[in-house]
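The structure under discussion appears below in the form of structure tokens.
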Amino acid sequence: AKPQRALPREDLLLAEACTMRALLLAVLAAGSHALRVAMHARPVPPRCGTPVCSVASPLSESIQQTTQAEDVVIFSKSWCPYCAKTKALFDDMAQPYTAIELDQRADGDELQAALLDLTQQRTVPNVFVKGQHIGGNDDSQQAARSGKLKALLEADTLTGVVVPTAGAGSSVTAAQLQAKESGKMITETEATVRKVAGVGIGLATAFSYATTGLAYTALASGIFGAVCVYRTGAEYQ
């Protein structure tokens, strides 16, 4: 077999340029989309440890607000023996809890359906600790035996959460403001500014490459820096 003939240097450079221009177009398209998303972002409630419901409902928002506001929340039914065991567990720990009896509420069925959407759990008890979904009675008992329950109750739950922007209707607490001062939180506005800045750096780098013949190494460094800046805002949300 005859050895393959190497492509001329001009063809190699042309192929490399076409590849980089295709990458550049992809970066521009992704950056434009990210910029539109960041500019139109709306404040969202702090995340908890449960799966997010596909369509937020008033009951889902009420559940999230309640589980964020209380250290321990038990969605229960008054006649359920497993719910009684879970309550006894926290009683033995001398840990106060909020019990919401679904069978004693007019909207109990709807509330249980919302819990299913949020946690993928159909049964009771449905237990939350410090805003994190634990599970049912067996899960709670196991968490107590392993020490996970104690660790959650003693943990600082503020890290990585965005403080709402100060203003009308703001729900900023003194603890959140203290966490912001210590660097554990940033405001929603600051998070959005960081993301927009990251997109802007990426677009500026791509534009410079397209118009001034920026070196490939400089292009790669610029895109990497843009991603890093963007993530400093996105990682909090």
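Ordered as shown in the structure tokens, chains take letters A, B, and onward, while each chain numbers its residues from 1 and ligands are numbered from 1 in the order shown.
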Alpha helix (DSSP H) call set, DSSP backbone run, region 68-118 of chain A, as an NGL selection string
:A and (68-69 or 81-92 or 108-118)
Write a file of the just-selected residues containing N, CA and C atoms, as a CSV table (one decimal), in the first residue's frame.
```csv
chain,number,residue,atom,x,y,z
A,68,GLN,N,-38.6,25.7,55.2
A,68,GLN,CA,-37.5,26.6,55.4
A,68,GLN,C,-37.5,27.3,56.7
A,69,ALA,N,-38.7,27.6,57.1
A,69,ALA,CA,-38.9,28.5,58.3
A,69,ALA,C,-38.7,27.7,59.6
A,81,PRO,N,-49.7,5.0,62.7
A,81,PRO,CA,-48.7,4.6,63.7
A,81,PRO,C,-47.2,4.9,63.3
A,82,TYR,N,-46.9,5.0,62.1
A,82,TYR,CA,-45.5,5.3,61.7
A,82,TYR,C,-45.3,6.8,61.9
A,83,CYS,N,-46.3,7.6,61.8
A,83,CYS,CA,-46.1,9.0,62.1
A,83,CYS,C,-45.9,9.2,63.6
A,84,ALA,N,-46.6,8.4,64.4
A,84,ALA,CA,-46.5,8.4,65.8
A,84,ALA,C,-45.0,8.1,66.2
A,85,LYS,N,-44.4,7.1,65.5
A,85,LYS,CA,-43.1,6.7,65.8
A,85,LYS,C,-42.1,7.8,65.5
A,86,THR,N,-42.3,8.5,64.4
A,86,THR,CA,-41.4,9.6,64.0
A,86,THR,C,-41.5,10.7,65.0
A,87,LYS,N,-42.7,11.0,65.5
A,87,LYS,CA,-42.9,12.1,66.5
A,87,LYS,C,-42.2,11.7,67.8
A,88,ALA,N,-42.3,10.4,68.1
A,88,ALA,CA,-41.7,9.9,69.4
A,88,ALA,C,-40.2,10.1,69.3
A,89,LEU,N,-39.6,9.8,68.1
A,89,LEU,CA,-38.2,10.0,67.8
A,89,LEU,C,-37.7,11.4,68.2
A,90,PHE,N,-38.4,12.4,67.7
A,90,PHE,CA,-38.0,13.8,67.9
A,90,PHE,C,-38.3,14.2,69.4
A,91,ASP,N,-39.4,13.6,70.0
A,91,ASP,CA,-39.7,13.8,71.4
A,91,ASP,C,-38.5,13.3,72.2
A,92,ASP,N,-38.0,12.1,71.9
A,92,ASP,CA,-36.9,11.6,72.7
A,92,ASP,C,-35.6,12.4,72.6
A,108,GLY,N,-56.1,18.6,52.6
A,108,GLY,CA,-55.1,17.6,52.9
A,108,GLY,C,-54.7,16.8,51.7
A,109,ASP,N,-55.7,16.4,50.9
A,109,ASP,CA,-55.4,15.6,49.7
A,109,ASP,C,-54.6,16.4,48.7
A,110,GLU,N,-54.9,17.7,48.5
A,110,GLU,CA,-54.1,18.5,47.6
A,110,GLU,C,-52.7,18.7,48.1
A,111,LEU,N,-52.6,18.9,49.4
A,111,LEU,CA,-51.3,19.1,50.0
A,111,LEU,C,-50.4,17.8,49.9
A,112,GLN,N,-51.0,16.6,50.0
A,112,GLN,CA,-50.3,15.4,49.8
A,112,GLN,C,-49.9,15.2,48.4
A,113,ALA,N,-50.7,15.7,47.4
A,113,ALA,CA,-50.4,15.6,46.0
A,113,ALA,C,-49.2,16.5,45.7
A,114,ALA,N,-49.2,17.7,46.4
A,114,ALA,CA,-48.1,18.6,46.2
A,114,ALA,C,-46.8,18.1,46.8
A,115,LEU,N,-46.9,17.4,47.9
A,115,LEU,CA,-45.7,16.7,48.5
A,115,LEU,C,-45.2,15.6,47.6
A,116,LEU,N,-46.1,14.9,46.9
A,116,LEU,CA,-45.6,13.9,46.0
A,116,LEU,C,-44.8,14.5,44.8
A,117,ASP,N,-45.3,15.7,44.3
A,117,ASP,CA,-44.6,16.3,43.2
A,117,ASP,C,-43.2,16.8,43.7
A,118,LEU,N,-43.1,17.3,44.9
A,118,LEU,CA,-41.9,17.9,45.4
A,118,LEU,C,-40.9,16.8,45.8
```
Counting only C-alpha atoms, which of A:Leu153, A:Ala210, A:Pro58, A:Asp107 gets nearest to Gly131 (chain A)?
A:Leu153
Would you pick out the contacts of Pro125 (chain A) at 8 Å or less, using only C-alpha atoms, so that residues sharing its chain but fewer than 4 positions from it are not included, and give the list as JSON, numbers by chain?
{"A": [74, 75, 76, 77, 82, 83, 86, 135, 136, 137]}
Please produce a file of those selected residues containing all heavy atoms, as a PDB file, in the first residue's frame.
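So out28.pdb came out as:
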```
ATOM      1  N   ILE A  74     -43.056  17.748  60.070  1.00  0.00           N
ATOM      2  CA  ILE A  74     -43.535  16.391  59.820  1.00  0.00           C
ATOM      3  C   ILE A  74     -44.936  16.494  59.213  1.00  0.00           C
ATOM      4  O   ILE A  74     -45.873  16.946  59.885  1.00  0.00           O
ATOM      5  CB  ILE A  74     -43.598  15.560  61.110  1.00  0.00           C
ATOM      6  CG1 ILE A  74     -42.235  15.534  61.797  1.00  0.00           C
ATOM      7  CG2 ILE A  74     -44.071  14.136  60.804  1.00  0.00           C
ATOM      8  CD1 ILE A  74     -42.247  14.860  63.160  1.00  0.00           C
ATOM      9  N   PHE A  75     -45.076  16.113  57.960  1.00  0.00           N
ATOM     10  CA  PHE A  75     -46.401  16.007  57.345  1.00  0.00           C
ATOM     11  C   PHE A  75     -46.931  14.628  57.713  1.00  0.00           C
ATOM     12  O   PHE A  75     -46.317  13.605  57.361  1.00  0.00           O
ATOM     13  CB  PHE A  75     -46.307  16.207  55.838  1.00  0.00           C
ATOM     14  CG  PHE A  75     -45.937  17.618  55.448  1.00  0.00           C
ATOM     15  CD1 PHE A  75     -44.606  17.982  55.272  1.00  0.00           C
ATOM     16  CD2 PHE A  75     -46.921  18.582  55.278  1.00  0.00           C
ATOM     17  CE1 PHE A  75     -44.265  19.282  54.928  1.00  0.00           C
ATOM     18  CE2 PHE A  75     -46.593  19.885  54.930  1.00  0.00           C
ATOM     19  CZ  PHE A  75     -45.262  20.231  54.761  1.00  0.00           C
ATOM     20  N   SER A  76     -48.049  14.621  58.416  1.00  0.00           N
ATOM     21  CA  SER A  76     -48.489  13.430  59.118  1.00  0.00           C
ATOM     22  C   SER A  76     -49.979  13.209  58.937  1.00  0.00           C
ATOM     23  O   SER A  76     -50.676  14.015  58.312  1.00  0.00           O
ATOM     24  CB  SER A  76     -48.153  13.607  60.619  1.00  0.00           C
ATOM     25  OG  SER A  76     -48.780  12.642  61.418  1.00  0.00           O
ATOM     26  N   LYS A  77     -50.445  12.072  59.450  1.00  0.00           N
ATOM     27  CA  LYS A  77     -51.877  11.816  59.616  1.00  0.00           C
ATOM     28  C   LYS A  77     -52.083  11.324  61.035  1.00  0.00           C
ATOM     29  O   LYS A  77     -51.310  10.485  61.523  1.00  0.00           O
ATOM     30  CB  LYS A  77     -52.373  10.803  58.590  1.00  0.00           C
ATOM     31  CG  LYS A  77     -52.379  11.363  57.166  1.00  0.00           C
ATOM     32  CD  LYS A  77     -53.020  10.416  56.162  1.00  0.00           C
ATOM     33  CE  LYS A  77     -53.029  11.053  54.762  1.00  0.00           C
ATOM     34  NZ  LYS A  77     -53.638  10.164  53.732  1.00  0.00           N
ATOM     35  N   TYR A  82     -46.903   4.962  62.055  1.00  0.00           N
ATOM     36  CA  TYR A  82     -45.535   5.309  61.667  1.00  0.00           C
ATOM     37  C   TYR A  82     -45.262   6.787  61.940  1.00  0.00           C
ATOM     38  O   TYR A  82     -44.137   7.167  62.300  1.00  0.00           O
ATOM     39  CB  TYR A  82     -45.307   4.978  60.198  1.00  0.00           C
ATOM     40  CG  TYR A  82     -45.452   3.504  59.909  1.00  0.00           C
ATOM     41  CD1 TYR A  82     -46.598   3.015  59.292  1.00  0.00           C
ATOM     42  CD2 TYR A  82     -44.461   2.598  60.274  1.00  0.00           C
ATOM     43  CE1 TYR A  82     -46.754   1.659  59.036  1.00  0.00           C
ATOM     44  CE2 TYR A  82     -44.600   1.236  60.021  1.00  0.00           C
ATOM     45  CZ  TYR A  82     -45.751   0.772  59.401  1.00  0.00           C
ATOM     46  OH  TYR A  82     -45.896  -0.566  59.155  1.00  0.00           O
ATOM     47  N   CYS A  83     -46.294   7.610  61.760  1.00  0.00           N
ATOM     48  CA  CYS A  83     -46.146   9.029  62.101  1.00  0.00           C
ATOM     49  C   CYS A  83     -45.914   9.192  63.599  1.00  0.00           C
ATOM     50  O   CYS A  83     -45.087  10.014  64.032  1.00  0.00           O
ATOM     51  CB  CYS A  83     -47.393   9.802  61.674  1.00  0.00           C
ATOM     52  SG  CYS A  83     -47.713   9.783  59.890  1.00  0.00           S
ATOM     53  N   THR A  86     -42.329   8.461  64.400  1.00  0.00           N
ATOM     54  CA  THR A  86     -41.441   9.562  64.020  1.00  0.00           C
ATOM     55  C   THR A  86     -41.527  10.702  65.033  1.00  0.00           C
ATOM     56  O   THR A  86     -40.501  11.281  65.424  1.00  0.00           O
ATOM     57  CB  THR A  86     -41.799  10.071  62.612  1.00  0.00           C
ATOM     58  OG1 THR A  86     -41.677   9.007  61.676  1.00  0.00           O
ATOM     59  CG2 THR A  86     -40.889  11.209  62.201  1.00  0.00           C
ATOM     60  N   GLY A 135     -37.411  11.987  54.347  1.00  0.00           N
ATOM     61  CA  GLY A 135     -38.136  10.793  53.910  1.00  0.00           C
ATOM     62  C   GLY A 135     -39.216  10.425  54.913  1.00  0.00           C
ATOM     63  O   GLY A 135     -39.843  11.294  55.520  1.00  0.00           O
ATOM     64  N   GLY A 136     -39.423   9.129  55.079  1.00  0.00           N
ATOM     65  CA  GLY A 136     -40.453   8.639  55.985  1.00  0.00           C
ATOM     66  C   GLY A 136     -39.894   8.243  57.340  1.00  0.00           C
ATOM     67  O   GLY A 136     -38.792   8.658  57.736  1.00  0.00           O
ATOM     68  N   ASN A 137     -40.642   7.395  58.055  1.00  0.00           N
ATOM     69  CA  ASN A 137     -40.225   6.986  59.394  1.00  0.00           C
ATOM     70  C   ASN A 137     -38.923   6.192  59.360  1.00  0.00           C
ATOM     71  O   ASN A 137     -38.005   6.451  60.151  1.00  0.00           O
ATOM     72  CB  ASN A 137     -41.331   6.161  60.051  1.00  0.00           C
ATOM     73  CG  ASN A 137     -40.914   5.630  61.410  1.00  0.00           C
ATOM     74  OD1 ASN A 137     -40.679   6.388  62.342  1.00  0.00           O
ATOM     75  ND2 ASN A 137     -40.799   4.305  61.528  1.00  0.00           N
TER      76      ASN A 137
END
```
Region 149-152 of chain A surroundings by only C-alpha atoms, 12 Å radius, close-in-sequence under 6 positions cut, as a PyMOL selection string:
chain A and resi 49+71-72+89-90+93-95+127-135+139-143
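Between CA of Val229 (chain A) and CA of Val199 (chain A) lies a distance of 8.4 Å.
Relative to CA of Ala155 (chain A), CA of Arg122 (chain A) is found at 27.8 Å.
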